[in-house]
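Below: target36.txt (compact mmCIF, C-alpha atoms and all ligand atoms)
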# COMPACT_ATOMS: atom_id res chain seq x y z
CA MET A 1 -76.41 47.80 17.87
CA ARG A 2 -74.98 44.43 18.85
CA ILE A 3 -71.22 44.45 19.11
CA ALA A 4 -69.46 41.20 18.19
CA ARG A 5 -68.03 39.21 21.09
CA ARG A 6 -64.44 39.53 19.87
CA ALA A 7 -64.73 43.32 20.09
CA THR A 8 -66.53 43.43 23.43
CA GLU A 9 -63.99 41.10 25.00
CA VAL A 10 -61.01 43.19 23.93
CA SER A 11 -60.06 46.01 26.30
CA LEU A 12 -58.74 49.44 25.33
CA SER A 13 -54.96 49.62 25.66
CA VAL A 14 -54.34 50.72 29.29
CA THR A 15 -51.26 52.73 28.34
CA LEU A 16 -53.10 54.63 25.63
CA ALA A 17 -56.07 55.23 27.96
CA LEU A 18 -53.78 56.56 30.70
CA ASP A 19 -51.93 58.79 28.30
CA ALA A 20 -55.28 60.20 27.18
CA ARG A 21 -56.34 60.79 30.84
CA ALA A 22 -53.07 62.61 31.62
CA LYS A 23 -53.47 64.77 28.52
CA ALA A 24 -57.09 65.59 29.43
CA LEU A 25 -55.95 66.79 32.89
CA MET A 26 -53.21 68.88 31.26
CA ALA A 27 -55.83 70.44 28.99
CA GLN A 28 -57.66 71.50 32.19
CA GLY A 29 -54.52 73.39 33.20
CA ARG A 30 -53.03 70.85 35.63
CA ASP A 31 -49.23 70.56 35.62
CA VAL A 32 -49.14 66.81 35.04
CA ILE A 33 -45.83 65.01 34.53
CA ASN A 34 -46.64 62.23 32.16
CA MET A 35 -44.36 59.24 32.66
CA SER A 36 -46.89 56.88 31.09
CA VAL A 37 -45.82 57.57 27.52
CA GLY A 38 -44.25 54.86 25.39
CA GLU A 39 -42.71 57.06 22.74
CA PRO A 40 -39.43 58.94 22.37
CA ASP A 41 -39.72 62.66 23.13
CA PHE A 42 -37.59 63.54 20.11
CA PRO A 43 -38.65 64.51 16.59
CA ALA A 44 -38.04 62.07 13.76
CA PRO A 45 -34.60 62.66 12.15
CA ALA A 46 -34.47 65.57 9.68
CA LEU A 47 -33.68 63.24 6.75
CA VAL A 48 -36.80 61.21 7.49
CA GLN A 49 -38.96 64.33 7.53
CA ASP A 50 -37.41 65.52 4.25
CA ALA A 51 -37.96 62.18 2.51
CA ALA A 52 -41.61 62.03 3.63
CA CYS A 53 -42.28 65.64 2.56
CA LYS A 54 -40.52 65.09 -0.76
CA LEU A 55 -42.79 62.17 -1.59
CA ILE A 56 -45.90 64.13 -0.65
CA ARG A 57 -44.83 67.08 -2.80
CA SER A 58 -44.09 64.82 -5.76
CA GLY A 59 -47.81 64.10 -5.86
CA ASN A 60 -46.96 60.44 -6.36
CA VAL A 61 -48.48 59.15 -3.13
CA ARG A 62 -50.07 55.89 -4.30
CA TYR A 63 -50.85 52.39 -3.16
CA THR A 64 -47.70 50.34 -2.96
CA PRO A 65 -47.57 46.53 -3.18
CA ALA A 66 -49.21 44.93 -0.10
CA ALA A 67 -45.81 43.76 1.17
CA GLY A 68 -44.29 47.26 0.77
CA THR A 69 -42.03 48.82 -1.85
CA LEU A 70 -39.21 46.69 -3.21
CA ALA A 71 -36.73 49.39 -2.18
CA LEU A 72 -37.82 49.34 1.47
CA ARG A 73 -38.05 45.53 1.66
CA GLY A 74 -34.54 45.33 0.22
CA ALA A 75 -33.22 47.91 2.71
CA ILE A 76 -34.81 46.02 5.62
CA ALA A 77 -33.30 42.72 4.42
CA LYS A 78 -29.89 44.41 4.24
CA TYR A 79 -30.32 45.95 7.70
CA LEU A 80 -31.30 42.55 9.15
CA THR A 81 -28.36 40.82 7.48
CA GLU A 82 -25.95 43.35 8.98
CA SER A 83 -27.52 43.59 12.43
CA ARG A 84 -28.50 39.94 13.04
CA GLY A 85 -25.38 38.56 11.39
CA VAL A 86 -27.22 36.12 9.10
CA ALA A 87 -28.43 36.53 5.53
CA PHE A 88 -31.96 37.83 5.02
CA THR A 89 -33.46 38.24 1.56
CA LEU A 90 -36.28 40.39 0.22
CA PRO A 91 -38.97 37.63 0.10
CA GLN A 92 -38.50 37.15 3.85
CA VAL A 93 -39.73 40.67 4.61
CA THR A 94 -43.24 42.14 4.64
CA VAL A 95 -43.61 45.81 5.51
CA CYS A 96 -46.50 46.61 7.88
CA HIS A 97 -48.24 49.66 9.27
CA SER A 98 -46.34 49.39 12.55
CA THR A 99 -44.79 46.77 14.79
CA LYS A 100 -48.19 46.31 16.40
CA HIS A 101 -49.59 45.58 12.97
CA ALA A 102 -46.66 43.27 12.20
CA LEU A 103 -47.39 41.40 15.40
CA SER A 104 -51.09 41.03 14.68
CA GLY A 105 -50.29 39.89 11.12
CA ALA A 106 -47.76 37.31 12.36
CA ILE A 107 -50.17 36.02 15.00
CA LEU A 108 -53.07 35.80 12.52
CA ALA A 109 -50.74 33.93 10.17
CA THR A 110 -49.49 31.38 12.74
CA ILE A 111 -52.10 30.96 15.51
CA GLN A 112 -55.30 28.96 15.10
CA GLU A 113 -58.35 28.63 17.36
CA GLY A 114 -57.25 27.11 20.68
CA ASP A 115 -53.49 27.36 20.10
CA GLU A 116 -51.64 28.44 23.21
CA VAL A 117 -49.07 31.25 23.10
CA LEU A 118 -46.63 31.65 26.00
CA LEU A 119 -46.12 35.25 27.16
CA PHE A 120 -43.37 36.04 29.63
CA LEU A 121 -44.51 38.30 32.46
CA PRO A 122 -44.49 41.18 32.76
CA ALA A 123 -45.68 41.31 29.15
CA TRP A 124 -46.51 44.29 26.98
CA VAL A 125 -50.21 45.22 27.15
CA SER A 126 -51.22 44.29 23.60
CA TYR A 127 -49.89 40.71 23.48
CA VAL A 128 -52.77 39.14 25.43
CA GLU A 129 -55.43 40.98 23.45
CA ILE A 130 -53.94 40.29 20.00
CA VAL A 131 -53.58 36.57 20.78
CA LYS A 132 -57.21 36.48 21.96
CA LEU A 133 -58.43 38.36 18.87
CA ALA A 134 -56.81 35.65 16.75
CA GLY A 135 -58.65 32.92 18.69
CA GLY A 136 -55.51 31.84 20.54
CA VAL A 137 -55.08 31.31 24.27
CA PRO A 138 -52.47 33.50 26.00
CA ILE A 139 -50.59 31.66 28.75
CA SER A 140 -48.72 33.93 31.15
CA VAL A 141 -45.41 32.67 32.51
CA PRO A 142 -44.03 34.38 35.64
CA SER A 143 -40.49 35.74 35.65
CA ARG A 144 -37.57 35.44 38.08
CA PRO A 145 -37.46 38.05 40.88
CA ASP A 146 -34.93 40.06 38.82
CA LEU A 147 -37.55 40.11 36.01
CA GLY A 148 -35.53 37.75 33.78
CA PRO A 149 -36.89 34.49 32.31
CA ASP A 150 -37.68 31.62 34.68
CA PHE A 151 -36.89 28.53 32.62
CA ASP A 152 -38.45 26.10 35.09
CA ALA A 153 -41.73 28.01 34.80
CA ILE A 154 -41.39 28.10 30.99
CA ARG A 155 -40.83 24.32 30.84
CA ARG A 156 -43.85 23.73 33.07
CA ALA A 157 -46.04 25.98 30.87
CA ILE A 158 -45.31 24.11 27.63
CA GLY A 159 -48.10 21.64 26.89
CA PRO A 160 -49.66 19.77 23.97
CA LYS A 161 -51.54 22.87 22.75
CA THR A 162 -48.57 25.26 22.91
CA ARG A 163 -47.88 26.63 19.46
CA ALA A 164 -45.72 29.72 20.01
CA MET A 165 -43.66 31.73 22.48
CA LEU A 166 -43.49 35.51 22.38
CA LEU A 167 -40.12 36.98 23.29
CA ASN A 168 -39.61 40.72 23.80
CA SER A 169 -36.01 41.78 24.38
CA PRO A 170 -35.31 44.47 25.50
CA SER A 171 -38.63 44.31 27.27
CA ASN A 172 -41.45 46.73 27.67
CA PRO A 173 -42.10 47.30 30.63
CA THR A 174 -38.87 46.17 32.36
CA GLY A 175 -36.05 47.04 29.96
CA TYR A 176 -34.69 43.56 30.77
CA THR A 177 -32.54 42.34 27.89
CA TRP A 178 -32.12 38.59 27.46
CA SER A 179 -28.55 37.31 27.38
CA ARG A 180 -27.32 35.25 24.46
CA LYS A 181 -27.36 32.17 26.71
CA GLU A 182 -31.00 32.76 27.66
CA VAL A 183 -32.04 33.24 24.03
CA GLU A 184 -30.23 30.01 23.12
CA GLU A 185 -31.95 28.14 25.94
CA LEU A 186 -35.37 29.37 24.79
CA ALA A 187 -34.53 28.50 21.18
CA ALA A 188 -33.60 24.95 22.21
CA LEU A 189 -37.02 24.58 23.86
CA ALA A 190 -38.70 25.90 20.69
CA VAL A 191 -36.90 23.27 18.60
CA LYS A 192 -37.57 20.46 21.09
CA HIS A 193 -41.31 21.20 21.25
CA ASP A 194 -41.75 22.38 17.65
CA LEU A 195 -42.83 25.93 18.59
CA VAL A 196 -42.86 29.22 16.68
CA LEU A 197 -40.70 31.98 18.21
CA LEU A 198 -42.31 35.37 17.80
CA SER A 199 -39.51 37.82 18.55
CA ASP A 200 -40.54 41.45 19.19
CA GLU A 201 -37.24 43.30 18.69
CA ILE A 202 -38.60 46.84 18.56
CA TYR A 203 -36.22 48.11 21.30
CA ARG A 204 -33.10 46.27 20.15
CA ARG A 205 -31.30 49.45 19.08
CA LEU A 206 -31.86 51.01 22.49
CA ILE A 207 -29.39 49.00 24.59
CA TYR A 208 -27.06 51.00 26.84
CA GLU A 209 -24.64 48.52 28.36
CA GLY A 210 -23.45 44.91 28.27
CA GLU A 211 -23.67 42.55 25.33
CA PRO A 212 -25.76 43.62 22.30
CA ASP A 213 -29.21 42.13 21.81
CA PHE A 214 -29.13 38.62 20.39
CA SER A 215 -31.99 37.54 18.12
CA PRO A 216 -33.18 33.93 18.07
CA ALA A 217 -32.80 34.24 14.28
CA SER A 218 -29.03 34.37 14.88
CA VAL A 219 -28.87 31.08 16.84
CA SER A 220 -28.88 28.59 13.91
CA ALA A 221 -30.62 27.85 10.61
CA GLU A 222 -32.87 25.39 12.46
CA VAL A 223 -34.03 28.08 14.89
CA ARG A 224 -34.25 30.74 12.14
CA ALA A 225 -36.74 28.51 10.31
CA ARG A 226 -39.18 28.93 13.22
CA THR A 227 -38.44 32.55 14.15
CA VAL A 228 -40.56 35.54 13.15
CA ILE A 229 -38.99 38.95 13.85
CA LEU A 230 -41.27 41.92 14.53
CA ASP A 231 -39.61 45.31 14.41
CA GLY A 232 -40.19 48.87 13.23
CA ALA A 233 -39.23 52.52 13.16
CA SER A 234 -41.26 53.86 16.11
CA LYS A 235 -38.67 53.62 18.88
CA SER A 236 -35.32 53.46 17.06
CA TYR A 237 -36.01 56.49 14.86
CA ALA A 238 -38.60 58.32 17.00
CA MET A 239 -41.16 57.69 14.25
CA THR A 240 -44.16 56.63 16.35
CA GLY A 241 -46.72 58.67 14.41
CA TYR A 242 -45.47 57.41 11.06
CA ARG A 243 -46.81 53.93 11.87
CA ILE A 244 -44.33 51.74 10.04
CA GLY A 245 -42.73 48.36 10.82
CA PHE A 246 -42.13 44.89 9.40
CA VAL A 247 -42.37 41.14 9.77
CA ALA A 248 -39.29 39.09 8.82
CA GLY A 249 -38.97 35.33 8.86
CA PRO A 250 -39.31 32.31 6.61
CA PRO A 251 -40.67 33.43 3.19
CA GLU A 252 -43.93 31.51 3.72
CA ILE A 253 -44.63 33.59 6.86
CA ALA A 254 -43.85 36.88 5.08
CA ALA A 255 -46.14 35.80 2.23
CA ALA A 256 -48.94 34.78 4.63
CA VAL A 257 -48.79 38.16 6.38
CA GLU A 258 -48.84 39.85 2.97
CA ARG A 259 -52.01 37.93 2.00
CA VAL A 260 -53.76 38.79 5.29
CA HIS A 261 -52.79 42.44 5.12
CA SER A 262 -53.68 42.75 1.42
CA HIS A 263 -57.32 42.42 2.53
CA LEU A 264 -57.22 44.15 5.89
CA VAL A 265 -55.24 47.27 4.99
CA GLY A 266 -54.24 47.00 1.31
CA ALA A 267 -50.72 48.35 1.69
CA PRO A 268 -48.56 50.17 4.22
CA ASN A 269 -48.55 53.97 4.12
CA SER A 270 -46.35 55.07 1.22
CA VAL A 271 -45.19 58.35 2.86
CA SER A 272 -43.97 56.49 5.95
CA GLN A 273 -42.24 53.91 3.78
CA ALA A 274 -40.27 56.72 2.13
CA GLY A 275 -39.32 58.06 5.58
CA TYR A 276 -38.28 54.64 6.89
CA LEU A 277 -36.21 53.97 3.76
CA ALA A 278 -34.33 57.24 4.28
CA ALA A 279 -33.65 56.29 7.91
CA LEU A 280 -32.29 52.85 7.02
CA GLU A 281 -30.16 54.16 4.17
CA THR A 282 -28.56 57.04 6.05
CA GLU A 283 -28.34 56.04 9.75
CA PRO A 284 -29.21 59.57 10.96
CA PRO A 285 -26.88 61.03 13.62
CA GLU A 286 -29.91 61.96 15.78
CA VAL A 287 -30.27 58.29 16.74
CA GLU A 288 -26.99 58.14 18.69
CA MET A 289 -27.81 61.46 20.38
CA MET A 290 -31.20 60.15 21.46
CA LYS A 291 -29.60 56.99 22.81
CA ARG A 292 -27.04 58.95 24.85
CA GLU A 293 -29.81 61.08 26.33
CA PHE A 294 -31.91 58.03 27.29
CA ASP A 295 -28.86 56.48 28.91
CA ALA A 296 -28.18 59.60 31.02
CA ARG A 297 -31.80 59.61 32.21
CA ARG A 298 -31.65 55.90 33.04
CA ARG A 299 -28.52 56.45 35.12
CA PHE A 300 -30.28 59.22 37.03
CA LEU A 301 -33.75 57.69 37.49
CA ILE A 302 -33.06 54.14 38.62
CA PRO A 303 -30.73 55.03 41.54
CA GLU A 304 -33.30 57.67 42.59
CA LEU A 305 -36.02 55.01 42.74
CA GLN A 306 -33.72 52.68 44.62
CA ARG A 307 -32.94 55.47 47.09
CA MET A 308 -36.68 55.81 47.75
CA GLY A 309 -36.62 52.17 48.79
CA LEU A 310 -38.34 50.88 45.64
CA GLU A 311 -36.77 47.72 44.32
CA THR A 312 -35.97 48.53 40.68
CA PRO A 313 -33.54 46.44 38.64
CA MET A 314 -31.22 48.49 36.41
CA PRO A 315 -32.63 47.96 32.89
CA ARG A 316 -30.10 47.44 30.07
CA GLY A 317 -32.44 48.62 27.32
CA ALA A 318 -35.65 50.36 26.17
CA PHE A 319 -36.73 53.50 28.11
CA TYR A 320 -38.69 52.21 31.07
CA ALA A 321 -38.12 51.46 34.73
CA PHE A 322 -40.28 48.87 36.47
CA ALA A 323 -40.44 49.60 40.19
CA ASP A 324 -41.82 47.41 42.96
CA VAL A 325 -44.38 49.43 44.93
CA GLY A 326 -45.91 46.31 46.55
CA PRO A 327 -45.47 47.56 50.14
CA TYR A 328 -47.53 50.69 49.36
CA LEU A 329 -50.53 48.99 47.78
CA ASP A 330 -54.03 48.66 49.18
CA ALA A 331 -56.76 46.35 47.88
CA ARG A 332 -56.99 48.37 44.64
CA GLY A 333 -53.48 47.26 43.72
CA SER A 334 -51.22 49.13 41.29
CA THR A 335 -54.20 50.78 39.55
CA GLY A 336 -55.30 52.46 42.78
CA PHE A 337 -51.72 53.53 43.44
CA CYS A 338 -51.50 55.20 40.01
CA GLU A 339 -54.93 56.83 40.34
CA ASP A 340 -54.02 58.36 43.72
CA LEU A 341 -50.60 59.45 42.46
CA LEU A 342 -52.16 61.25 39.50
CA GLU A 343 -54.83 62.88 41.68
CA GLN A 344 -52.56 63.91 44.56
CA GLN A 345 -49.22 64.61 42.87
CA ASN A 346 -50.06 65.11 39.17
CA LEU A 347 -47.75 62.28 38.18
CA ALA A 348 -48.91 59.70 35.60
CA LEU A 349 -47.38 56.19 35.71
CA VAL A 350 -48.68 52.90 34.32
CA PRO A 351 -49.90 50.27 36.78
CA GLY A 352 -48.07 46.95 36.58
CA SER A 353 -51.46 45.22 36.36
CA ALA A 354 -51.51 46.28 32.70
CA PHE A 355 -48.52 43.97 32.19
CA GLY A 356 -49.78 41.16 34.41
CA VAL A 357 -47.69 42.10 37.48
CA ASP A 358 -49.82 44.02 39.98
CA THR A 359 -47.05 44.75 42.50
CA HIS A 360 -45.16 47.16 40.21
CA VAL A 361 -45.52 50.41 38.26
CA ARG A 362 -43.86 51.41 34.98
CA LEU A 363 -42.10 54.75 34.62
CA SER A 364 -41.16 55.89 31.15
CA TYR A 365 -38.07 58.10 30.96
CA ALA A 366 -38.99 59.50 27.57
CA LEU A 367 -39.05 63.01 28.99
CA GLY A 368 -36.38 65.59 29.87
CA LEU A 369 -34.10 65.20 32.90
CA ASP A 370 -35.62 68.26 34.58
CA ARG A 371 -39.10 66.76 34.43
CA ILE A 372 -37.74 63.41 35.63
CA ARG A 373 -36.18 65.20 38.62
CA HIS A 374 -39.53 66.84 39.49
CA ALA A 375 -41.30 63.51 39.00
CA CYS A 376 -38.96 61.90 41.53
CA GLU A 377 -39.72 64.65 44.05
CA ARG A 378 -43.45 64.11 43.56
CA LEU A 379 -43.13 60.35 43.90
CA ALA A 380 -41.01 60.67 47.04
CA ALA A 381 -43.60 63.05 48.55
CA PHE A 382 -46.39 60.62 47.69
CA LEU A 383 -44.56 57.67 49.26
CA ALA A 384 -43.81 59.72 52.39
CA ALA A 385 -47.53 60.46 52.76
CA HIS A 386 -48.44 56.79 52.35
CA PRO A 387 -46.73 54.63 54.95
CA ARG A 388 -45.76 51.16 53.80
CA ALA A 389 -48.26 48.50 54.80
CA PRO A 390 -46.75 45.95 57.17
CA ALA A 391 -45.99 42.72 55.32
CA ALA A 392 -48.53 40.77 57.41
CA ALA A 393 -51.38 43.12 56.42
CA ARG A 394 -50.57 42.66 52.74
CA ARG A 395 -50.83 38.89 52.84
N1 LIG B 1 -43.90 46.06 20.88
C1 LIG B 1 -43.61 46.65 22.04
C2 LIG B 1 -42.92 45.85 23.09
C3 LIG B 1 -43.93 47.99 22.27
O1 LIG B 1 -43.62 48.57 23.45
C4 LIG B 1 -44.61 48.71 21.26
C5 LIG B 1 -45.03 50.11 21.48
O2 LIG B 1 -45.12 50.61 22.58
C6 LIG B 1 -44.89 48.05 20.07
C7 LIG B 1 -44.53 46.73 19.91
C8 LIG B 1 -45.63 48.74 18.97
O3 LIG B 1 -44.84 49.63 18.27
P1 LIG B 1 -45.38 50.34 16.95
O4 LIG B 1 -45.44 51.79 17.27
O5 LIG B 1 -44.38 50.05 15.88
O6 LIG B 1 -46.71 49.76 16.66
Structure translated into structure tokens:
Amino acid sequence: MRIARRATEVSLSVTLALDARAKALMAQGRDVINMSVGEPDFPAPALVQDAACKLIRSGNVRYTPAAGTLALRGAIAKYLTESRGVAFTLPQVTVCHSTKHALSGAILATIQEGDEVLLFLPAWVSYVEIVKLAGGVPISVPSRPDLGPDFDAIRRAIGPKTRAMLLNSPSNPTGYTWSRKEVEELAALAVKHDLVLLSDEIYRRLIYEGEPDFSPASVSAEVRARTVILDGASKSYAMTGYRIGFVAGPPEIAAAVERVHSHLVGAPNSVSQAGYLAALETEPPEVEMMKREFDARRRFLIPELQRMGLETPMPRGAFYAFADVGPYLDARGSTGFCEDLLEQQNLALVPGSAFGVDTHVRLSYALGLDRIRHACERLAAFLAAHPRAPAAARR
């Protein structure tokens, strides 16, 4: 059967593929430490589980409106008003099946054939593919050496076809969290060049030090009018399997996403909506516990990587470390490094090539401290067995 070009050109998510490979090896009995996962290793809060089960047992699991239940949209608007410090109302919110789904809805609603979307490297694996699926053209913008935004490069990348910029703070894969000043500088560029700001804020509740995350929606009314927030329950409430998230922005964007999704998926999952509503209404105590645990792991892992000689900036948020393994790479780049590491040491990491930066690897610390300790031993043994290539040979 002929497969349409848009589907042949899209690649399977590298992180999901790697996770599947690690799990397949585990099923064969290998003691694999899987640091490729992008999901919290905690169960969803008890109140969320209860609310979801209660709805199922009521028997009243039905289609909801395409934009989600009024109760959940209202709770999200309230949460946004409190957390972003500016008023959000119910018509500005459309509930989606996940943040990924919110992102694809927002991109389908704003990007036309040939429109360019700036992505800041290293960028999360799905951005490029979703922009391409919508007929847009992803433009990758390199970062500063400390993985923060390079504004000279951003200015150079903006051209007549640029329509949007996609900001992800805290970032997957680096954990880099943009400062308020950086967000304001980006917002000023968006206003000057009449660009949409797509702001993926899925990790904003997982920030461990320094100033809190600052959304472009909080800059000014002028910036808010061109900002679309994408967020969801997966990371903040350990609800990855529930598949629930939202788009929030100007009402015409929320309505456009609702129209698109009304045909593509009908409505978000009603059981997950009940779970998400319970989470937003109660602020479960498990969330703070999870955050403390992630922070302890971060404080252990990053100095360990630095001690091994791998340049790894201390991330302020999310649950990833992005380590420079450039000196250890051969012609196969970060993919070859990860393949050998999995084969020889049973340790699964994600190659930086998946995020557009082939000199690095991503380590997720969504696993217990004991396993992280073992993972560090395995990585150190692997590095010891693979002498660094001299700089001249790498050029
Ligand atoms: N955005 C980023 C930056 C992510 O890392 C992820 C998941 O890994 C998502 C969006 C998607 O999250 P969801 O599970 O809500 O689809």
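The neighbours of Phe88 of chain A here are the residues that come within 9 Å of it, using all atoms listed in the file and leaving out any residue fewer than 5 positions away in the same chain; they are Ile76, Ala77, Lys78, Tyr79, Leu80, Thr81, Val93, Ala248 and Gly249 of chain A.
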* Asked: segment 369-376 of chain A: which residues within 10 Å, counting only C-alpha atoms, same-chain residues fewer than 5 positions away excluded, as a count of residues only?
  -> 22
* May I ask you to write as a PyMOL selection string all residues lying at most 6 Å from ligand LIG 1 (chain B), with all atoms listed in the file counted? => chain A and resi 38+98-100+124+172+200+202+232+234+240+243+245
* Give the answer as one residue: which of A:Asp295, A:Val325, A:Leu280, A:Pro303 has the shortest atom-to-atom distance to Glu82 of chain A, using all atoms listed in the file? => A:Leu280
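Minimum atom-to-atom distances from A:Leu329, A:Val228, A:Leu18, A:Ala44 to Ser272 of chain A were compared using only C-alpha atoms, and the lowest value belongs to A:Ala44.
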* For segment 332-338 of chain A, please output as a VMD selection string all residues within 12 Å (counting all atoms listed in the file; exclusion window: fewer than 3 positions along the same chain). => chain A and resid 14 to 15 18 21 to 22 34 to 36 322 to 329 341 to 363 379 382 to 383 386 394
* Between atom CA of Gly241 of chain A and atom CA of Gly175 of chain A, distance in Å (one decimal) -> 22.2 Å
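Considering the residues A:Ala267, A:Ala20, A:Leu55, A:Val95 and counting all atoms listed in the file, Ile244 of chain A has its shortest atom-to-atom contact with A:Val95.
Taking atom CA of Lys291 of chain A and atom CA of Leu47 of chain A as the two end points, the separation is 17.7 Å.
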* Point (-43.3, 31.8, 22.8), cut-off 10 Å, counting only C-alpha atoms, residues as a PyMOL selection string -> chain A and resi 116-120+138-139+141+154+158+162-168+186-187+189-190+195-199+227
